[in-house]
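What follows is a single structure, written as structure tokens, with notes after it.
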Amino acid sequence: MSEVVLTEVRGHTLVVTIDRPEAANSINADVHRGLGAAWELAQNTDDIRVVVLTGAGDKVFCAGADLKALGTAGPAGVTPPDTAHWGFAGIVKHHITKPVICAVNGSALGGGTELALAGDLVVAADTSSFGLPEVKRGLIAGAGGVFRLTEALPRAVALELLLTGTAMSAQDALRWGLVNRVVPQPDVLSAALALADVIAANAPLAVQASKRVARGISDGAIETEARSWELSEQALDSLSRSADTVEGIMAFMQKRDPIWTGK
């Protein structure tokens, strides 16, 4: 598929791996294209009934956007304009009818949590963690995280994560229903594949119809999310012009505490 996104068919399951462990499996334009192409492959191949998404290595599932690519090439360094309709990482707005299981093999902060929220089921390593720390950088979780987290968790729990930027352990994520299973780290992929096999044993058209209706997918989009995407994009556009956002990103890259001005 691409050098930074690996694909392998196992039975009726397409295993998709973000293979940038040296960069914490962060998302750049190449990963975006590779993941989006894998989603297209799954959707258009009848014999593929389930997708399992994971990250290379045993430490990080996905660290979100590649800030070096963002700093060098701007937004196009992470989200190529020609496939921007797929959303961040080529998948957050790329709704396919095949079930997607995220095998979260490690830390999934920021964009990693947004990838998990874009999936249908989550099998998490016991060492994994979830959270949306964007407010610590002067940003919001603009790849669906703000509104999808409040759908996945009780409102007060979600808002605490969003407003404090703190992380949630795998065990707490299981307790609150953000993930389906927590397993020892070395077993995360095999556990996700076992779950995929159970799904793949069912009638594929019925499985796809169930997902389509449950998620409200129509013509490749979730219509009920349209206004939330609009609000997210407006907020990101406004924040991108603020001094605090520049300060937050600079402080992160310089490994120092930010100095906020509220401007």
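In the structure tokens, each chain is lettered A, B, ... as it comes, each chain's residues begin at 1, and ligands are numbered from 1 in order of appearance.
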
Can I get the residues of stretch 20-103 of chain A within 12 Å of stretch 212-229 of chain A, each with the closest pair of atoms and their distance in Å to one decimal, using only C-alpha atoms, sorted chain first then ascending number, as a Markdown table?
| residue | atom | partner | partner_atom | distance |
| --- | --- | --- | --- | --- |
| A:Trp39 | CA | A:Gly220 | CA | 11.8 |
| A:Glu40 | CA | A:Gly220 | CA | 11.4 |
| A:Gln43 | CA | A:Gly220 | CA | 10.7 |
| A:His85 | CA | A:Ala221 | CA | 10.3 |
| A:Trp86 | CA | A:Gly220 | CA | 9.9 |
| A:Gly87 | CA | A:Trp229 | CA | 10.4 |
| A:Ile91 | CA | A:Gly220 | CA | 11.4 |
| A:Val92 | CA | A:Ala221 | CA | 10.5 |
| A:Lys93 | CA | A:Ala221 | CA | 7.1 |
| A:His94 | CA | A:Gly220 | CA | 6.9 |
| A:His95 | CA | A:Gly220 | CA | 5.2 |
| A:Ile96 | CA | A:Gly220 | CA | 6.6 |
| A:Thr97 | CA | A:Arg212 | CA | 5.9 |
| A:Lys98 | CA | A:Arg212 | CA | 8.9 |
| A:Pro99 | CA | A:Arg212 | CA | 9.5 |

Can you write out the residues you just picked, keeping C-alpha atoms, as a PDB file, in the first residue's frame?
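Here's the written file part02.pdb:
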ATOM      1  CA  TRP A  39     -10.072   2.010   3.428  1.00  0.00           C
ATOM      2  CA  GLU A  40     -10.932   2.142  -0.287  1.00  0.00           C
ATOM      3  CA  GLN A  43     -14.745  -1.094   0.900  1.00  0.00           C
ATOM      4  CA  HIS A  85     -12.529  14.963   1.992  1.00  0.00           C
ATOM      5  CA  TRP A  86     -11.317  11.781   3.728  1.00  0.00           C
ATOM      6  CA  GLY A  87     -10.467  13.851   6.810  1.00  0.00           C
ATOM      7  CA  ILE A  91     -10.089   8.015   7.649  1.00  0.00           C
ATOM      8  CA  VAL A  92     -11.859  10.241  10.216  1.00  0.00           C
ATOM      9  CA  LYS A  93     -14.460  11.339   7.619  1.00  0.00           C
ATOM     10  CA  HIS A  94     -13.972   8.300   5.370  1.00  0.00           C
ATOM     11  CA  HIS A  95     -16.948   6.183   6.348  1.00  0.00           C
ATOM     12  CA  ILE A  96     -16.925   2.644   4.995  1.00  0.00           C
ATOM     13  CA  THR A  97     -19.514  -0.032   5.708  1.00  0.00           C
ATOM     14  CA  LYS A  98     -16.966  -2.685   6.681  1.00  0.00           C
ATOM     15  CA  PRO A  99     -16.510  -2.779  10.485  1.00  0.00           C
TER      16      PRO A  99
END

Neighbour list for A:Ala24 as a PDB file with C-alpha atoms, in the first residue's frame, cut-off 8 Å, only C-alpha atoms, skip fewer than 6 positions in-chain:
ATOM      1  CA  VAL A  60       2.551   4.107  20.560  1.00  0.00           C
ATOM      2  CA  PHE A  61      -0.599   3.490  18.536  1.00  0.00           C
ATOM      3  CA  CYS A  62      -0.525   6.954  16.965  1.00  0.00           C
ATOM      4  CA  ALA A  63       0.775  10.280  18.262  1.00  0.00           C
TER       5      ALA A  63
END

In Å, with one decimal, what is the gap from atom CA of A:Ile27 to atom CA of A:Thr83? 14.2 Å

A:Leu239 surroundings by only C-alpha atoms, 12 Å radius, close-in-sequence under 2 positions cut, as a list in words: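 Result of the neighbour search: Glu134, Val135, Arg137, Gly138, Leu139, Ile140, Ala141, Gly142, Ser232, Glu233, Gln234, Ala235, Leu236, Asp237, Arg241, Ser242, Ala243, Asp244, Thr245, Val246, Glu247, Gly248, Ile249, Gly262 and Lys263 of chain A.
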
Determine which residues of stretch 42-236 of chain A receive a DSSP assignment of alpha helix (DSSP H), computed from the backbone, and state them as a PDB file with N, CA and C atoms, in the first residue's frame.
ATOM      1  N   ALA A  42     -10.606  -1.928   1.256  1.00  0.00           N
ATOM      2  CA  ALA A  42     -11.534  -2.722   2.068  1.00  0.00           C
ATOM      3  C   ALA A  42     -12.967  -2.571   1.577  1.00  0.00           C
ATOM      4  N   GLN A  43     -13.368  -1.336   1.311  1.00  0.00           N
ATOM      5  CA  GLN A  43     -14.745  -1.094   0.900  1.00  0.00           C
ATOM      6  C   GLN A  43     -15.063  -1.752  -0.442  1.00  0.00           C
ATOM      7  N   ASN A  44     -14.084  -1.809  -1.327  1.00  0.00           N
ATOM      8  CA  ASN A  44     -14.328  -2.282  -2.689  1.00  0.00           C
ATOM      9  C   ASN A  44     -13.925  -3.729  -2.935  1.00  0.00           C
ATOM     10  N   LEU A  67       4.141  17.007  13.535  1.00  0.00           N
ATOM     11  CA  LEU A  67       4.344  18.452  13.640  1.00  0.00           C
ATOM     12  C   LEU A  67       5.472  18.943  12.742  1.00  0.00           C
ATOM     13  N   LYS A  68       6.459  18.080  12.477  1.00  0.00           N
ATOM     14  CA  LYS A  68       7.538  18.479  11.565  1.00  0.00           C
ATOM     15  C   LYS A  68       6.986  18.672  10.155  1.00  0.00           C
ATOM     16  N   ALA A  69       6.143  17.724   9.720  1.00  0.00           N
ATOM     17  CA  ALA A  69       5.532  17.846   8.394  1.00  0.00           C
ATOM     18  C   ALA A  69       4.629  19.068   8.337  1.00  0.00           C
ATOM     19  N   LEU A  70       3.919  19.323   9.432  1.00  0.00           N
ATOM     20  CA  LEU A  70       3.025  20.480   9.494  1.00  0.00           C
ATOM     21  C   LEU A  70       3.819  21.779   9.426  1.00  0.00           C
ATOM     22  N   GLY A  71       4.937  21.810  10.150  1.00  0.00           N
ATOM     23  CA  GLY A  71       5.759  23.013  10.159  1.00  0.00           C
ATOM     24  C   GLY A  71       6.470  23.262   8.848  1.00  0.00           C
ATOM     25  N   THR A  72       6.809  22.192   8.143  1.00  0.00           N
ATOM     26  CA  THR A  72       7.543  22.316   6.884  1.00  0.00           C
ATOM     27  C   THR A  72       6.637  22.653   5.707  1.00  0.00           C
ATOM     28  N   ALA A  73       5.512  21.942   5.626  1.00  0.00           N
ATOM     29  CA  ALA A  73       4.647  22.067   4.444  1.00  0.00           C
ATOM     30  C   ALA A  73       3.277  22.649   4.749  1.00  0.00           C
ATOM     31  N   GLY A 111      -4.509  12.840  18.168  1.00  0.00           N
ATOM     32  CA  GLY A 111      -5.020  12.220  16.954  1.00  0.00           C
ATOM     33  C   GLY A 111      -5.180  10.724  17.060  1.00  0.00           C
ATOM     34  N   GLY A 112      -4.405  10.076  17.921  1.00  0.00           N
ATOM     35  CA  GLY A 112      -4.567   8.633  18.120  1.00  0.00           C
ATOM     36  C   GLY A 112      -5.921   8.295  18.707  1.00  0.00           C
ATOM     37  N   THR A 113      -6.367   9.097  19.671  1.00  0.00           N
ATOM     38  CA  THR A 113      -7.710   8.907  20.219  1.00  0.00           C
ATOM     39  C   THR A 113      -8.766   9.197  19.161  1.00  0.00           C
ATOM     40  N   GLU A 114      -8.516  10.186  18.312  1.00  0.00           N
ATOM     41  CA  GLU A 114      -9.478  10.500  17.253  1.00  0.00           C
ATOM     42  C   GLU A 114      -9.581   9.364  16.236  1.00  0.00           C
ATOM     43  N   LEU A 115      -8.483   8.657  15.980  1.00  0.00           N
ATOM     44  CA  LEU A 115      -8.562   7.478  15.117  1.00  0.00           C
ATOM     45  C   LEU A 115      -9.404   6.395  15.782  1.00  0.00           C
ATOM     46  N   ALA A 116      -9.194   6.183  17.079  1.00  0.00           N
ATOM     47  CA  ALA A 116      -9.988   5.180  17.794  1.00  0.00           C
ATOM     48  C   ALA A 116     -11.472   5.543  17.776  1.00  0.00           C
ATOM     49  N   LEU A 117     -11.780   6.826  17.917  1.00  0.00           N
ATOM     50  CA  LEU A 117     -13.176   7.273  17.881  1.00  0.00           C
ATOM     51  C   LEU A 117     -13.785   7.117  16.492  1.00  0.00           C
ATOM     52  N   ALA A 118     -12.951   7.144  15.459  1.00  0.00           N
ATOM     53  CA  ALA A 118     -13.445   6.975  14.091  1.00  0.00           C
ATOM     54  C   ALA A 118     -13.752   5.517  13.774  1.00  0.00           C
ATOM     55  N   GLY A 145     -12.664  14.737  17.442  1.00  0.00           N
ATOM     56  CA  GLY A 145     -12.531  14.364  18.842  1.00  0.00           C
ATOM     57  C   GLY A 145     -13.477  15.078  19.781  1.00  0.00           C
ATOM     58  N   VAL A 146     -13.681  16.383  19.573  1.00  0.00           N
ATOM     59  CA  VAL A 146     -14.501  17.167  20.496  1.00  0.00           C
ATOM     60  C   VAL A 146     -15.918  16.620  20.586  1.00  0.00           C
ATOM     61  N   PHE A 147     -16.533  16.347  19.445  1.00  0.00           N
ATOM     62  CA  PHE A 147     -17.934  15.909  19.504  1.00  0.00           C
ATOM     63  C   PHE A 147     -18.084  14.392  19.585  1.00  0.00           C
ATOM     64  N   ARG A 148     -17.131  13.636  19.067  1.00  0.00           N
ATOM     65  CA  ARG A 148     -17.259  12.179  19.164  1.00  0.00           C
ATOM     66  C   ARG A 148     -16.964  11.674  20.574  1.00  0.00           C
ATOM     67  N   LEU A 149     -16.070  12.353  21.291  1.00  0.00           N
ATOM     68  CA  LEU A 149     -15.789  11.919  22.657  1.00  0.00           C
ATOM     69  C   LEU A 149     -17.010  12.116  23.541  1.00  0.00           C
ATOM     70  N   THR A 150     -17.741  13.208  23.335  1.00  0.00           N
ATOM     71  CA  THR A 150     -18.935  13.448  24.147  1.00  0.00           C
ATOM     72  C   THR A 150     -20.066  12.490  23.791  1.00  0.00           C
ATOM     73  N   GLU A 151     -19.981  11.839  22.638  1.00  0.00           N
ATOM     74  CA  GLU A 151     -20.945  10.798  22.288  1.00  0.00           C
ATOM     75  C   GLU A 151     -20.531   9.452  22.872  1.00  0.00           C
ATOM     76  N   ALA A 152     -19.218   9.226  22.961  1.00  0.00           N
ATOM     77  CA  ALA A 152     -18.714   7.924  23.402  1.00  0.00           C
ATOM     78  C   ALA A 152     -18.695   7.780  24.919  1.00  0.00           C
ATOM     79  N   ARG A 155     -21.189  12.778  29.471  1.00  0.00           N
ATOM     80  CA  ARG A 155     -20.830  14.165  29.168  1.00  0.00           C
ATOM     81  C   ARG A 155     -19.783  14.724  30.126  1.00  0.00           C
ATOM     82  N   ALA A 156     -19.975  14.511  31.419  1.00  0.00           N
ATOM     83  CA  ALA A 156     -19.050  15.082  32.395  1.00  0.00           C
ATOM     84  C   ALA A 156     -17.663  14.464  32.278  1.00  0.00           C
ATOM     85  N   VAL A 157     -17.604  13.170  32.009  1.00  0.00           N
ATOM     86  CA  VAL A 157     -16.315  12.486  31.853  1.00  0.00           C
ATOM     87  C   VAL A 157     -15.600  13.012  30.616  1.00  0.00           C
ATOM     88  N   ALA A 158     -16.342  13.125  29.512  1.00  0.00           N
ATOM     89  CA  ALA A 158     -15.750  13.621  28.272  1.00  0.00           C
ATOM     90  C   ALA A 158     -15.251  15.055  28.427  1.00  0.00           C
ATOM     91  N   LEU A 159     -16.059  15.897  29.051  1.00  0.00           N
ATOM     92  CA  LEU A 159     -15.670  17.298  29.201  1.00  0.00           C
ATOM     93  C   LEU A 159     -14.449  17.452  30.101  1.00  0.00           C
ATOM     94  N   GLU A 160     -14.326  16.597  31.112  1.00  0.00           N
ATOM     95  CA  GLU A 160     -13.123  16.668  31.948  1.00  0.00           C
ATOM     96  C   GLU A 160     -11.881  16.388  31.114  1.00  0.00           C
ATOM     97  N   LEU A 161     -11.944  15.374  30.254  1.00  0.00           N
ATOM     98  CA  LEU A 161     -10.802  15.069  29.395  1.00  0.00           C
ATOM     99  C   LEU A 161     -10.528  16.213  28.423  1.00  0.00           C
ATOM    100  N   LEU A 162     -11.586  16.764  27.831  1.00  0.00           N
ATOM    101  CA  LEU A 162     -11.422  17.826  26.840  1.00  0.00           C
ATOM    102  C   LEU A 162     -10.886  19.117  27.443  1.00  0.00           C
ATOM    103  N   LEU A 163     -11.356  19.472  28.633  1.00  0.00           N
ATOM    104  CA  LEU A 163     -11.014  20.769  29.219  1.00  0.00           C
ATOM    105  C   LEU A 163      -9.719  20.746  30.016  1.00  0.00           C
ATOM    106  N   THR A 164      -9.348  19.576  30.543  1.00  0.00           N
ATOM    107  CA  THR A 164      -8.090  19.473  31.292  1.00  0.00           C
ATOM    108  C   THR A 164      -6.939  18.997  30.422  1.00  0.00           C
ATOM    109  N   ALA A 170      -6.162   2.733  30.047  1.00  0.00           N
ATOM    110  CA  ALA A 170      -6.952   1.716  29.351  1.00  0.00           C
ATOM    111  C   ALA A 170      -8.035   1.155  30.261  1.00  0.00           C
ATOM    112  N   GLN A 171      -7.695   0.976  31.529  1.00  0.00           N
ATOM    113  CA  GLN A 171      -8.659   0.409  32.467  1.00  0.00           C
ATOM    114  C   GLN A 171      -9.855   1.348  32.674  1.00  0.00           C
ATOM    115  N   ASP A 172      -9.582   2.650  32.786  1.00  0.00           N
ATOM    116  CA  ASP A 172     -10.686   3.608  32.910  1.00  0.00           C
ATOM    117  C   ASP A 172     -11.479   3.701  31.611  1.00  0.00           C
ATOM    118  N   ALA A 173     -10.782   3.598  30.488  1.00  0.00           N
ATOM    119  CA  ALA A 173     -11.475   3.623  29.194  1.00  0.00           C
ATOM    120  C   ALA A 173     -12.436   2.446  29.071  1.00  0.00           C
ATOM    121  N   LEU A 174     -12.039   1.304  29.595  1.00  0.00           N
ATOM    122  CA  LEU A 174     -12.920   0.135  29.592  1.00  0.00           C
ATOM    123  C   LEU A 174     -14.104   0.360  30.530  1.00  0.00           C
ATOM    124  N   ARG A 175     -13.830   0.924  31.694  1.00  0.00           N
ATOM    125  CA  ARG A 175     -14.887   1.152  32.689  1.00  0.00           C
ATOM    126  C   ARG A 175     -15.962   2.096  32.155  1.00  0.00           C
ATOM    127  N   VAL A 188      -2.602  -7.780  21.902  1.00  0.00           N
ATOM    128  CA  VAL A 188      -3.626  -6.860  21.400  1.00  0.00           C
ATOM    129  C   VAL A 188      -4.036  -7.166  19.962  1.00  0.00           C
ATOM    130  N   LEU A 189      -3.092  -7.475  19.094  1.00  0.00           N
ATOM    131  CA  LEU A 189      -3.460  -7.753  17.705  1.00  0.00           C
ATOM    132  C   LEU A 189      -4.204  -9.072  17.582  1.00  0.00           C
ATOM    133  N   SER A 190      -3.731 -10.090  18.292  1.00  0.00           N
ATOM    134  CA  SER A 190      -4.409 -11.389  18.207  1.00  0.00           C
ATOM    135  C   SER A 190      -5.827 -11.302  18.764  1.00  0.00           C
ATOM    136  N   ALA A 191      -6.022 -10.510  19.816  1.00  0.00           N
ATOM    137  CA  ALA A 191      -7.369 -10.346  20.371  1.00  0.00           C
ATOM    138  C   ALA A 191      -8.275  -9.607  19.390  1.00  0.00           C
ATOM    139  N   ALA A 192      -7.736  -8.607  18.710  1.00  0.00           N
ATOM    140  CA  ALA A 192      -8.525  -7.885  17.708  1.00  0.00           C
ATOM    141  C   ALA A 192      -8.873  -8.792  16.536  1.00  0.00           C
ATOM    142  N   LEU A 193      -7.936  -9.630  16.128  1.00  0.00           N
ATOM    143  CA  LEU A 193      -8.191 -10.557  15.025  1.00  0.00           C
ATOM    144  C   LEU A 193      -9.230 -11.600  15.412  1.00  0.00           C
ATOM    145  N   ALA A 194      -9.199 -12.042  16.662  1.00  0.00           N
ATOM    146  CA  ALA A 194     -10.207 -13.006  17.122  1.00  0.00           C
ATOM    147  C   ALA A 194     -11.599 -12.381  17.083  1.00  0.00           C
ATOM    148  N   LEU A 195     -11.701 -11.124  17.493  1.00  0.00           N
ATOM    149  CA  LEU A 195     -12.983 -10.422  17.423  1.00  0.00           C
ATOM    150  C   LEU A 195     -13.414 -10.248  15.967  1.00  0.00           C
ATOM    151  N   ALA A 196     -12.461  -9.941  15.105  1.00  0.00           N
ATOM    152  CA  ALA A 196     -12.766  -9.795  13.677  1.00  0.00           C
ATOM    153  C   ALA A 196     -13.292 -11.096  13.090  1.00  0.00           C
ATOM    154  N   ASP A 197     -12.721 -12.220  13.514  1.00  0.00           N
ATOM    155  CA  ASP A 197     -13.173 -13.523  13.003  1.00  0.00           C
ATOM    156  C   ASP A 197     -14.626 -13.798  13.391  1.00  0.00           C
ATOM    157  N   VAL A 198     -15.002 -13.405  14.599  1.00  0.00           N
ATOM    158  CA  VAL A 198     -16.393 -13.597  15.036  1.00  0.00           C
ATOM    159  C   VAL A 198     -17.330 -12.778  14.150  1.00  0.00           C
ATOM    160  N   ILE A 199     -16.934 -11.539  13.867  1.00  0.00           N
ATOM    161  CA  ILE A 199     -17.761 -10.684  13.002  1.00  0.00           C
ATOM    162  C   ILE A 199     -17.813 -11.241  11.584  1.00  0.00           C
ATOM    163  N   ALA A 200     -16.658 -11.658  11.064  1.00  0.00           N
ATOM    164  CA  ALA A 200     -16.574 -12.133   9.683  1.00  0.00           C
ATOM    165  C   ALA A 200     -17.341 -13.426   9.457  1.00  0.00           C
ATOM    166  N   PRO A 204     -22.141 -11.097   5.661  1.00  0.00           N
ATOM    167  CA  PRO A 204     -21.465  -9.810   5.447  1.00  0.00           C
ATOM    168  C   PRO A 204     -22.392  -8.658   5.098  1.00  0.00           C
ATOM    169  N   LEU A 205     -23.404  -8.902   4.283  1.00  0.00           N
ATOM    170  CA  LEU A 205     -24.313  -7.811   3.929  1.00  0.00           C
ATOM    171  C   LEU A 205     -25.122  -7.355   5.134  1.00  0.00           C
ATOM    172  N   ALA A 206     -25.505  -8.305   5.990  1.00  0.00           N
ATOM    173  CA  ALA A 206     -26.251  -7.956   7.200  1.00  0.00           C
ATOM    174  C   ALA A 206     -25.374  -7.173   8.173  1.00  0.00           C
ATOM    175  N   VAL A 207     -24.101  -7.568   8.274  1.00  0.00           N
ATOM    176  CA  VAL A 207     -23.167  -6.845   9.137  1.00  0.00           C
ATOM    177  C   VAL A 207     -23.002  -5.410   8.644  1.00  0.00           C
ATOM    178  N   GLN A 208     -22.805  -5.252   7.349  1.00  0.00           N
ATOM    179  CA  GLN A 208     -22.614  -3.910   6.791  1.00  0.00           C
ATOM    180  C   GLN A 208     -23.872  -3.054   6.939  1.00  0.00           C
ATOM    181  N   ALA A 209     -25.027  -3.668   6.730  1.00  0.00           N
ATOM    182  CA  ALA A 209     -26.277  -2.922   6.894  1.00  0.00           C
ATOM    183  C   ALA A 209     -26.464  -2.499   8.341  1.00  0.00           C
ATOM    184  N   SER A 210     -26.092  -3.378   9.267  1.00  0.00           N
ATOM    185  CA  SER A 210     -26.209  -3.049  10.694  1.00  0.00           C
ATOM    186  C   SER A 210     -25.331  -1.854  11.043  1.00  0.00           C
ATOM    187  N   LYS A 211     -24.094  -1.864  10.544  1.00  0.00           N
ATOM    188  CA  LYS A 211     -23.207  -0.730  10.818  1.00  0.00           C
ATOM    189  C   LYS A 211     -23.744   0.539  10.171  1.00  0.00           C
ATOM    190  N   ARG A 212     -24.184   0.431   8.938  1.00  0.00           N
ATOM    191  CA  ARG A 212     -24.656   1.605   8.205  1.00  0.00           C
ATOM    192  C   ARG A 212     -25.820   2.283   8.929  1.00  0.00           C
ATOM    193  N   VAL A 213     -26.759   1.481   9.407  1.00  0.00           N
ATOM    194  CA  VAL A 213     -27.915   2.045  10.110  1.00  0.00           C
ATOM    195  C   VAL A 213     -27.513   2.556  11.495  1.00  0.00           C
ATOM    196  N   ALA A 214     -26.723   1.771  12.220  1.00  0.00           N
ATOM    197  CA  ALA A 214     -26.321   2.160  13.578  1.00  0.00           C
ATOM    198  C   ALA A 214     -25.517   3.456  13.579  1.00  0.00           C
ATOM    199  N   ARG A 215     -24.642   3.608  12.587  1.00  0.00           N
ATOM    200  CA  ARG A 215     -23.800   4.802  12.524  1.00  0.00           C
ATOM    201  C   ARG A 215     -24.442   5.946  11.743  1.00  0.00           C
ATOM    202  N   ALA A 226     -22.674  16.710  10.435  1.00  0.00           N
ATOM    203  CA  ALA A 226     -22.339  17.833   9.549  1.00  0.00           C
ATOM    204  C   ALA A 226     -22.152  19.146  10.315  1.00  0.00           C
ATOM    205  N   ARG A 227     -23.081  19.476  11.201  1.00  0.00           N
ATOM    206  CA  ARG A 227     -22.995  20.730  11.948  1.00  0.00           C
ATOM    207  C   ARG A 227     -21.799  20.725  12.901  1.00  0.00           C
ATOM    208  N   SER A 228     -21.515  19.571  13.503  1.00  0.00           N
ATOM    209  CA  SER A 228     -20.374  19.473  14.415  1.00  0.00           C
ATOM    210  C   SER A 228     -19.058  19.692  13.673  1.00  0.00           C
ATOM    211  N   TRP A 229     -18.950  19.143  12.468  1.00  0.00           N
ATOM    212  CA  TRP A 229     -17.749  19.386  11.662  1.00  0.00           C
ATOM    213  C   TRP A 229     -17.626  20.868  11.322  1.00  0.00           C
ATOM    214  N   GLU A 230     -18.735  21.484  10.996  1.00  0.00           N
ATOM    215  CA  GLU A 230     -18.723  22.908  10.657  1.00  0.00           C
ATOM    216  C   GLU A 230     -18.243  23.746  11.838  1.00  0.00           C
ATOM    217  N   LEU A 231     -18.754  23.444  13.024  1.00  0.00           N
ATOM    218  CA  LEU A 231     -18.345  24.184  14.219  1.00  0.00           C
ATOM    219  C   LEU A 231     -16.872  23.948  14.540  1.00  0.00           C
ATOM    220  N   SER A 232     -16.411  22.712  14.382  1.00  0.00           N
ATOM    221  CA  SER A 232     -15.000  22.393  14.635  1.00  0.00           C
ATOM    222  C   SER A 232     -14.090  23.174  13.698  1.00  0.00           C
ATOM    223  N   GLU A 233     -14.451  23.206  12.425  1.00  0.00           N
ATOM    224  CA  GLU A 233     -13.631  23.910  11.440  1.00  0.00           C
ATOM    225  C   GLU A 233     -13.612  25.409  11.707  1.00  0.00           C
ATOM    226  N   GLN A 234     -14.746  25.967  12.127  1.00  0.00           N
ATOM    227  CA  GLN A 234     -14.794  27.393  12.464  1.00  0.00           C
ATOM    228  C   GLN A 234     -13.896  27.695  13.662  1.00  0.00           C
ATOM    229  N   ALA A 235     -13.947  26.816  14.668  1.00  0.00           N
ATOM    230  CA  ALA A 235     -13.130  27.021  15.865  1.00  0.00           C
ATOM    231  C   ALA A 235     -11.645  26.918  15.542  1.00  0.00           C
ATOM    232  N   LEU A 236     -11.267  25.931  14.734  1.00  0.00           N
ATOM    233  CA  LEU A 236      -9.864  25.775  14.354  1.00  0.00           C
ATOM    234  C   LEU A 236      -9.374  26.976  13.556  1.00  0.00           C
TER     235      LEU A 236
END

Excluding same-chain residues fewer than 6 positions from A:Ala167, what lies within 8 Å of it counting only C-alpha atoms, as a PyMOL selection string? chain A and resi 109+129-133+161

Residues of stretch 6-253 of chain A in strand (DSSP E) according to DSSP, as a PyMOL selection string? chain A and resi 6-10+13-18+50-55+100-104+107-109+121-125+129-131+168-169+181-183+217-218+221-222
